[in-house]
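Structure file input.txt (compact mmCIF, C-alpha atoms) follows.
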```
# COMPACT_ATOMS: atom_id res chain seq x y z
CA MET A 136 0.00 0.00 0.00
CA LYS A 137 1.26 3.47 -0.90
CA TRP A 138 0.99 5.77 2.12
CA ASN A 139 -0.26 8.73 0.09
CA LEU A 140 -2.94 11.29 0.96
CA PRO A 141 -5.90 9.54 -0.76
CA ASN A 142 -5.12 6.25 1.01
CA GLN A 143 -4.69 8.07 4.33
CA LEU A 144 -8.14 9.59 3.88
CA THR A 145 -9.59 6.16 3.09
CA LEU A 146 -8.08 4.65 6.24
CA GLY A 147 -9.23 7.68 8.21
CA ARG A 148 -12.76 7.07 6.99
CA MET A 149 -12.50 3.49 8.20
CA GLY A 150 -11.59 4.78 11.66
CA LEU A 151 -14.46 7.26 11.57
CA SER A 152 -16.80 4.39 10.70
CA VAL A 153 -15.84 2.61 13.91
CA VAL A 154 -16.53 5.74 15.97
CA PHE A 155 -19.82 6.21 14.11
CA PHE A 156 -21.00 2.68 14.93
CA VAL A 157 -20.00 3.03 18.59
CA LEU A 158 -22.06 6.22 18.90
CA LEU A 159 -25.09 4.57 17.30
CA GLY A 160 -24.63 1.55 19.56
CA PHE A 161 -24.98 3.72 22.68
CA TYR A 162 -28.17 5.43 21.43
CA ARG A 163 -31.38 4.61 23.28
CA ASP A 164 -33.97 7.33 22.61
CA SER A 165 -34.08 11.08 22.18
CA LEU A 166 -35.28 11.67 25.75
CA SER A 167 -32.45 9.81 27.48
CA CYS A 168 -29.71 10.70 24.99
CA GLY A 169 -30.81 14.18 23.99
CA TRP A 170 -29.06 15.58 20.95
CA VAL A 171 -25.52 14.60 21.94
CA LEU A 172 -25.21 11.04 20.57
CA PRO A 173 -27.20 11.46 17.33
CA GLY A 174 -25.65 14.90 16.86
CA ALA A 175 -22.12 13.57 17.28
CA ALA A 176 -22.93 10.63 14.97
CA PHE A 177 -24.26 13.11 12.40
CA VAL A 178 -21.04 15.15 12.49
CA ILE A 179 -18.85 12.04 12.23
CA PHE A 180 -20.92 10.74 9.31
CA ILE A 181 -20.69 14.06 7.43
CA VAL A 182 -16.90 14.22 7.97
CA ALA A 183 -16.60 10.62 6.71
CA CYS A 184 -18.61 11.50 3.59
CA ILE A 185 -16.37 14.52 2.98
CA THR A 186 -13.26 12.33 3.16
CA ASP A 187 -14.86 10.08 0.53
CA ILE A 188 -15.13 13.06 -1.82
CA LEU A 189 -11.64 14.30 -1.01
CA ASP A 190 -9.80 11.01 -1.47
CA GLY A 191 -11.17 10.64 -4.99
CA TYR A 192 -10.40 14.28 -5.77
CA PHE A 193 -6.81 14.10 -4.55
CA ALA A 194 -6.22 10.72 -6.19
CA ARG A 195 -7.05 12.29 -9.56
CA LYS A 196 -5.52 15.71 -8.86
CA LEU A 197 -2.19 14.34 -7.59
CA ASN A 198 -2.22 11.31 -9.91
CA GLN A 199 -2.01 9.04 -6.88
CA THR A 200 -4.46 6.31 -7.81
CA SER A 201 -3.49 2.88 -6.51
CA ALA A 202 -4.72 -0.69 -6.44
CA PHE A 203 -5.26 -0.34 -2.68
CA GLY A 204 -7.50 2.69 -3.15
CA ARG A 205 -9.51 1.11 -5.96
CA MET A 206 -10.12 -1.99 -3.84
CA VAL A 207 -10.55 -0.60 -0.32
CA ASP A 208 -12.32 2.72 -0.97
CA PRO A 209 -15.64 1.22 -2.18
CA ILE A 210 -15.50 -1.40 0.58
CA VAL A 211 -15.17 1.29 3.26
CA ASP A 212 -18.05 3.21 1.66
CA LYS A 213 -20.29 0.15 1.85
CA ILE A 214 -19.26 -0.58 5.45
CA LEU A 215 -20.13 2.98 6.49
CA VAL A 216 -23.47 3.27 4.69
CA VAL A 217 -24.80 -0.29 4.86
CA GLY A 218 -23.56 -0.62 8.44
CA GLY A 219 -25.35 2.61 9.27
CA PHE A 220 -28.64 1.21 7.98
CA VAL A 221 -28.11 -2.00 9.95
CA MET A 222 -27.58 -0.03 13.17
CA LEU A 223 -30.56 2.24 12.51
CA ALA A 224 -32.82 -0.80 12.10
CA GLY A 225 -31.75 -2.19 15.48
CA PRO A 226 -33.85 -2.41 18.66
CA ASP A 227 -32.29 0.77 20.09
CA PHE A 228 -34.21 2.75 17.46
CA LEU A 229 -37.66 1.39 18.23
CA LEU A 230 -40.22 4.19 18.46
CA PRO A 231 -40.45 5.10 22.19
CA SER A 232 -43.77 5.52 23.94
CA ALA A 233 -42.84 9.13 24.63
CA ALA A 234 -42.59 9.94 20.91
CA GLY A 235 -44.85 12.59 19.50
CA ALA A 236 -48.48 11.66 18.88
CA MET A 237 -48.19 12.34 15.16
CA GLU A 238 -45.30 9.91 14.74
CA ARG A 239 -46.89 7.25 16.98
CA ASN A 240 -50.13 7.36 14.96
CA LEU A 241 -48.48 6.84 11.58
CA PRO A 242 -49.26 3.53 9.81
CA LEU A 243 -46.97 0.72 10.92
CA TRP A 244 -46.07 -0.18 7.32
CA LEU A 245 -44.71 3.33 6.87
CA THR A 246 -42.26 3.41 9.78
CA GLY A 247 -42.17 -0.18 11.04
CA GLY A 248 -42.49 1.26 14.53
CA MET A 249 -38.95 2.65 14.20
CA THR A 250 -37.95 6.15 15.22
CA SER A 251 -35.35 5.95 12.42
CA ALA A 252 -38.05 4.83 9.90
CA VAL A 253 -35.56 2.15 8.77
CA GLN A 254 -37.25 -1.25 8.77
CA THR A 255 -35.57 -4.65 8.82
CA TRP A 256 -36.80 -5.59 5.35
CA MET A 257 -35.25 -2.40 3.98
CA VAL A 258 -31.86 -3.49 5.28
CA VAL A 259 -32.35 -6.90 3.66
CA VAL A 260 -33.11 -5.19 0.33
CA ILE A 261 -30.01 -2.98 0.60
CA LEU A 262 -27.77 -5.90 1.53
CA ALA A 263 -29.24 -8.14 -1.19
CA ARG A 264 -28.59 -5.47 -3.81
CA GLU A 265 -24.95 -5.15 -2.75
CA PHE A 266 -24.38 -8.92 -2.75
CA ILE A 267 -26.04 -9.40 -6.14
CA ILE A 268 -24.16 -6.56 -7.85
CA SER A 269 -20.84 -7.59 -6.29
CA GLY A 270 -21.42 -11.15 -7.52
CA ILE A 271 -22.29 -9.98 -11.03
CA ARG A 272 -19.25 -7.68 -11.14
CA GLY A 273 -16.94 -10.43 -9.93
CA TYR A 274 -18.26 -12.93 -12.47
CA SER A 275 -18.16 -10.38 -15.30
CA GLU A 276 -14.58 -9.35 -14.63
CA ALA A 277 -13.55 -12.99 -14.22
CA GLN A 278 -14.78 -13.48 -17.80
CA GLY A 279 -12.66 -10.55 -18.94
CA ILE A 280 -15.63 -8.19 -19.29
CA LYS A 281 -15.23 -4.76 -17.70
CA PHE A 282 -18.10 -3.82 -15.41
CA PRO A 283 -17.61 -0.18 -14.35
CA ALA A 284 -19.90 1.82 -12.08
CA ILE A 285 -22.86 3.61 -13.64
CA PRO A 286 -24.54 6.90 -12.60
CA ALA A 287 -27.40 4.99 -10.97
CA GLY A 288 -24.94 3.53 -8.48
CA LYS A 289 -23.65 6.99 -7.52
CA ILE A 290 -27.22 8.28 -7.13
CA LYS A 291 -27.98 5.29 -4.93
CA MET A 292 -25.02 6.02 -2.66
CA LEU A 293 -25.98 9.71 -2.51
CA THR A 294 -29.58 9.06 -1.49
CA GLN A 295 -28.60 6.41 1.06
CA SER A 296 -26.10 8.83 2.62
CA ALA A 297 -28.71 11.61 2.58
CA ALA A 298 -31.18 9.31 4.34
CA ILE A 299 -28.73 8.47 7.15
CA GLY A 300 -27.78 12.12 7.59
CA THR A 301 -31.43 13.21 7.65
CA ILE A 302 -32.36 10.57 10.24
CA LEU A 303 -29.55 11.61 12.59
CA TYR A 304 -30.23 15.33 12.16
CA GLN A 305 -33.93 14.88 12.85
CA LEU A 306 -33.34 12.70 15.92
CA ALA A 307 -30.79 15.17 17.31
CA TRP A 308 -32.40 18.53 16.74
CA LEU A 309 -35.98 18.11 15.45
CA PRO A 310 -37.35 15.02 17.25
CA GLN A 311 -40.88 16.39 17.67
CA THR A 312 -41.16 18.39 14.45
CA ALA A 313 -43.79 17.00 12.07
CA TRP A 314 -42.25 18.23 8.80
CA ALA A 315 -38.86 16.83 9.81
CA VAL A 316 -40.41 13.44 10.63
CA TRP A 317 -42.09 13.34 7.23
CA THR A 318 -38.88 14.42 5.47
CA LYS A 319 -37.02 11.59 7.20
CA ILE A 320 -39.62 9.00 6.17
CA ILE A 321 -39.77 10.19 2.56
CA ILE A 322 -35.99 10.17 2.11
CA VAL A 323 -35.65 6.71 3.68
CA TRP A 324 -38.27 5.27 1.33
CA LEU A 325 -36.72 7.13 -1.63
CA ALA A 326 -33.32 5.62 -0.80
CA VAL A 327 -34.80 2.11 -0.77
CA ILE A 328 -36.65 2.64 -4.06
CA ILE A 329 -33.53 4.03 -5.77
CA THR A 330 -31.51 1.13 -4.35
CA VAL A 331 -33.87 -1.33 -6.06
CA LEU A 332 -33.92 0.64 -9.33
CA SER A 333 -30.13 0.96 -9.45
CA GLY A 334 -29.83 -2.78 -8.90
CA ALA A 335 -32.22 -3.37 -11.79
CA PHE A 336 -30.14 -1.08 -14.03
CA TYR A 337 -26.97 -3.00 -13.15
CA ILE A 338 -28.63 -6.36 -13.84
CA HIS A 339 -29.90 -5.10 -17.20
CA LYS A 340 -26.42 -3.82 -18.06
CA ALA A 341 -24.91 -7.16 -17.07
CA ARG A 342 -27.33 -9.02 -19.35
CA ASN A 343 -26.41 -6.76 -22.25
CA LEU A 344 -22.69 -7.26 -21.63
CA MET A 345 -23.09 -11.03 -21.45
CA ASN A 346 -25.09 -11.07 -24.69
CA ILE A 347 -22.44 -9.00 -26.47
CA ASP A 348 -19.76 -11.32 -25.19
CA GLU A 349 -21.65 -14.37 -26.39
CA ILE A 350 -22.20 -12.85 -29.85
CA SER A 351 -18.56 -11.84 -30.24
CA SER A 352 -17.39 -15.30 -29.24
```
Write the structure described by the file as structure tokens, please.
Amino acid sequence: MKWNLPNQLTLGRMGLSVVFFVLLGFYRDSLSCGWVLPGAAFVIFIVACITDILDGYFARKLNQTSAFGRMVDPIVDKILVVGGFVMLAGPDFLLPSAAGAMERNLPLWLTGGMTSAVQTWMVVVILAREFIISGIRGYSEAQGIKFPAIPAGKIKMLTQSAAIGTILYQLAWLPQTAWAVWTKIIIVWLAVIITVLSGAFYIHKARNLMNIDEISS
């Protein structure tokens, strides 16, 4: 591994991910934790996202791309974002009895009874998408067919990150605000829908690549 700035930022983001998960692990509810834990987790998550932007920028700007960066950077991204969804779907984020009446009275299918609005089945969908696309990419490249990222994948990562940031911000500073609760729910559902659509785009692209390969052979 080359100890250059982009790789340092990638490893720094890995360390921030650990701190992020620890903070989420100590969360109980907004009444007992106040804004401190979700607020600190929000700040750590935003800093981690910024390092993701910077490591790619500096890798191109300084011509310091490396095999380590190409391999580890997307893995760290997935650990941070997918791990965040796993934590937010945990029992510590069950909707407390002291939650606002508006949020308590929302349909169960909409929030799953979670103050994060992240339901277990959503995490399964997100994980399944990552496993399927990683498997397709691995098989494609093993056959000598390049399988680069597409814009849908970047949009997926952006909306997933926006959903996590919105959840933490709302829990920290707007726990009883109706419009913030609805914003959180909408962005979470949007992230799941885009996750499914981006997976479908990748699968369609993989089918086209395989067909081209078969014709050319």
Nearby residues (only C-alpha atoms) at most 10 Å from segment 144-153 of chain A, same-chain spacing under 5 positions excluded, as JSON, numbers by chain: {"A": [139, 158, 176, 179, 180, 182, 183, 184, 185, 186, 187, 188, 189, 190, 191, 193, 203, 204, 207, 208, 209, 210, 211, 212, 214, 215, 216, 218, 219]}
Mind working out the centre and edge lengths of an axis-aligned box for segment 148-152 of chain A, all listed atoms inside, 6 Å added to each side, rounded to one decimal in Å and written as JSON?
```
{"center_x": -14.2, "center_y": 5.4, "center_z": 9.3, "size_x": 17.2, "size_y": 15.8, "size_z": 16.7}
```
Separation of atom CA of Ala313 of chain A and atom CA of Gly225 of chain A, in Å? 22.9 Å
Excluding Arg163 of chain A and residues on its chain fewer than 3 positions from it, collect all residues at most 7 Å away from it, counting all atoms listed in the file, and give them as a PyMOL selection string. chain A and resi 167-168+227-228
Coordinates-based distance that separates atom CA of Val217 of chain A from atom CA of Ser333 of chain A (Å, one decimal):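 Calculated distance between atom CA of Ser333 of chain A and atom CA of Val217 of chain A is 15.3 Å.
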Give me, as a PyMOL selection string, all polymer residues having an atom no more than 12 Å from Leu241 of chain A, counting all atoms listed in the file and skipping those fewer than 3 positions away in the same chain. chain A and resi 230+234-238+244-250+252+313+316-317+320
Atom CA of Phe336 of chain A to atom CA of Lys213 of chain A, distance in Å rounded to a single decimal: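 That distance, rounded to one decimal, is 18.7 Å.
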Which of these, A:Gln199, A:Gln305, A:Gln254, A:Ser269, has the shortest distance to Pro226 of chain A once you count only C-alpha atoms? A:Gln254
Using all atoms listed in the file, which residues sit within 10 Å of Leu332 of chain A once same-chain residues fewer than 4 positions away are excluded, as a PyMOL selection string? chain A and resi 264+287-288+291+326-328+336-338
Write out as a PyMOL selection string each polymer residue whose atoms come within 10 Å of Val171 of chain A, counting all atoms listed in the file; drop sequence neighbours fewer than 2 positions from it. chain A and resi 158+162+165+168-169+173-177+307-308
Determine the nearest neighbour of Ile322 of chain A from the options A:Ala233, A:Val253, A:Leu309, A:Ala263, counting all atoms listed in the file.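 The shortest atom-to-atom distance to Ile322 of chain A comes from A:Val253.
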Given the choices A:Leu303, A:Ala341, A:Val260, A:Gln278, which gets closest to Ile329 of chain A if the distance is worked out from only C-alpha atoms? A:Val260
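Proximity ranking of A:Ile268, A:Ile181, A:Ile321, A:Ile285 relative to Gly334 of chain A places A:Ile268 first, based on all atoms listed in the file.
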Write only N, CA and C atoms for segment 236-282 of chain A from the block just shown, as a compact mmCIF listing (two decimals), in the first residue's frame.
```txt
# COMPACT_ATOMS: atom_id res chain seq x y z
N ALA A 236 -47.24 12.35 19.25
CA ALA A 236 -48.48 11.66 18.88
C ALA A 236 -48.57 11.46 17.37
N MET A 237 -48.13 12.45 16.60
CA MET A 237 -48.19 12.34 15.16
C MET A 237 -47.38 11.14 14.67
N GLU A 238 -46.16 11.00 15.18
CA GLU A 238 -45.30 9.91 14.74
C GLU A 238 -45.82 8.56 15.23
N ARG A 239 -46.36 8.51 16.44
CA ARG A 239 -46.89 7.25 16.98
C ARG A 239 -48.10 6.78 16.19
N ASN A 240 -48.88 7.70 15.65
CA ASN A 240 -50.13 7.36 14.96
C ASN A 240 -49.94 7.08 13.47
N LEU A 241 -48.72 7.16 12.99
CA LEU A 241 -48.48 6.84 11.58
C LEU A 241 -48.67 5.35 11.33
N PRO A 242 -49.08 4.96 10.12
CA PRO A 242 -49.26 3.53 9.81
C PRO A 242 -47.98 2.73 10.06
N LEU A 243 -48.14 1.53 10.59
CA LEU A 243 -46.97 0.72 10.92
C LEU A 243 -46.15 0.38 9.69
N TRP A 244 -46.81 0.18 8.52
CA TRP A 244 -46.07 -0.18 7.32
C TRP A 244 -45.15 0.95 6.87
N LEU A 245 -45.47 2.17 7.31
CA LEU A 245 -44.71 3.33 6.87
C LEU A 245 -43.40 3.47 7.64
N THR A 246 -43.45 3.22 8.93
CA THR A 246 -42.26 3.41 9.78
C THR A 246 -41.75 2.11 10.40
N GLY A 247 -42.58 1.07 10.39
CA GLY A 247 -42.17 -0.18 11.04
C GLY A 247 -42.04 -0.05 12.54
N GLY A 248 -42.62 1.03 13.10
CA GLY A 248 -42.49 1.26 14.53
C GLY A 248 -41.10 1.70 14.93
N MET A 249 -40.33 2.23 13.96
CA MET A 249 -38.95 2.65 14.20
C MET A 249 -38.86 4.17 14.21
N THR A 250 -38.16 4.70 15.19
CA THR A 250 -37.95 6.15 15.22
C THR A 250 -37.02 6.59 14.10
N SER A 251 -36.23 5.66 13.56
CA SER A 251 -35.35 5.95 12.42
C SER A 251 -36.09 5.81 11.09
N ALA A 252 -37.27 5.16 11.10
CA ALA A 252 -38.05 4.83 9.90
C ALA A 252 -37.37 3.78 9.04
N VAL A 253 -36.25 3.21 9.51
CA VAL A 253 -35.56 2.15 8.77
C VAL A 253 -36.06 0.80 9.27
N GLN A 254 -36.69 0.03 8.40
CA GLN A 254 -37.25 -1.25 8.77
C GLN A 254 -36.30 -2.39 8.37
N THR A 255 -36.47 -3.52 9.04
CA THR A 255 -35.57 -4.65 8.82
C THR A 255 -35.56 -5.09 7.36
N TRP A 256 -36.73 -5.13 6.74
CA TRP A 256 -36.80 -5.59 5.35
C TRP A 256 -36.06 -4.64 4.42
N MET A 257 -36.00 -3.35 4.79
CA MET A 257 -35.25 -2.40 3.98
C MET A 257 -33.76 -2.73 3.99
N VAL A 258 -33.27 -3.10 5.17
CA VAL A 258 -31.86 -3.49 5.28
C VAL A 258 -31.57 -4.73 4.46
N VAL A 259 -32.51 -5.68 4.47
CA VAL A 259 -32.35 -6.90 3.66
C VAL A 259 -32.27 -6.54 2.18
N VAL A 260 -33.13 -5.63 1.73
CA VAL A 260 -33.11 -5.19 0.33
C VAL A 260 -31.77 -4.55 -0.02
N ILE A 261 -31.28 -3.67 0.85
CA ILE A 261 -30.01 -2.98 0.60
C ILE A 261 -28.86 -3.97 0.56
N LEU A 262 -28.83 -4.90 1.50
CA LEU A 262 -27.77 -5.90 1.53
C LEU A 262 -27.84 -6.82 0.31
N ALA A 263 -29.06 -7.25 -0.05
CA ALA A 263 -29.24 -8.14 -1.19
C ALA A 263 -28.74 -7.46 -2.47
N ARG A 264 -29.04 -6.20 -2.63
CA ARG A 264 -28.59 -5.47 -3.81
C ARG A 264 -27.06 -5.46 -3.89
N GLU A 265 -26.41 -5.21 -2.75
CA GLU A 265 -24.95 -5.15 -2.75
C GLU A 265 -24.34 -6.52 -3.07
N PHE A 266 -24.90 -7.57 -2.49
CA PHE A 266 -24.38 -8.92 -2.75
C PHE A 266 -24.57 -9.31 -4.21
N ILE A 267 -25.75 -9.02 -4.76
CA ILE A 267 -26.04 -9.40 -6.14
C ILE A 267 -25.12 -8.66 -7.11
N ILE A 268 -24.99 -7.35 -6.93
CA ILE A 268 -24.16 -6.56 -7.85
C ILE A 268 -22.69 -6.93 -7.71
N SER A 269 -22.23 -7.17 -6.48
CA SER A 269 -20.84 -7.59 -6.29
C SER A 269 -20.58 -8.94 -6.96
N GLY A 270 -21.56 -9.85 -6.87
CA GLY A 270 -21.42 -11.15 -7.52
C GLY A 270 -21.38 -11.03 -9.03
N ILE A 271 -22.26 -10.19 -9.58
CA ILE A 271 -22.29 -9.98 -11.03
C ILE A 271 -20.98 -9.35 -11.50
N ARG A 272 -20.50 -8.34 -10.75
CA ARG A 272 -19.25 -7.68 -11.14
C ARG A 272 -18.08 -8.65 -11.09
N GLY A 273 -18.02 -9.46 -10.05
CA GLY A 273 -16.94 -10.43 -9.93
C GLY A 273 -16.96 -11.45 -11.06
N TYR A 274 -18.15 -11.96 -11.38
CA TYR A 274 -18.26 -12.93 -12.47
C TYR A 274 -17.92 -12.29 -13.80
N SER A 275 -18.42 -11.06 -14.03
CA SER A 275 -18.16 -10.38 -15.30
C SER A 275 -16.68 -10.15 -15.52
N GLU A 276 -16.01 -9.64 -14.48
CA GLU A 276 -14.58 -9.35 -14.63
C GLU A 276 -13.76 -10.62 -14.71
N ALA A 277 -14.24 -11.70 -14.09
CA ALA A 277 -13.55 -12.99 -14.22
C ALA A 277 -13.62 -13.50 -15.65
N GLN A 278 -14.66 -13.10 -16.39
CA GLN A 278 -14.78 -13.48 -17.80
C GLN A 278 -14.06 -12.51 -18.73
N GLY A 279 -13.38 -11.52 -18.13
CA GLY A 279 -12.66 -10.55 -18.94
C GLY A 279 -13.53 -9.42 -19.46
N ILE A 280 -14.71 -9.24 -18.87
CA ILE A 280 -15.63 -8.19 -19.29
C ILE A 280 -15.61 -7.08 -18.24
N LYS A 281 -15.26 -5.87 -18.64
CA LYS A 281 -15.23 -4.76 -17.70
C LYS A 281 -16.64 -4.42 -17.25
N PHE A 282 -16.77 -4.13 -15.96
CA PHE A 282 -18.10 -3.82 -15.41
C PHE A 282 -17.98 -2.59 -14.52
```
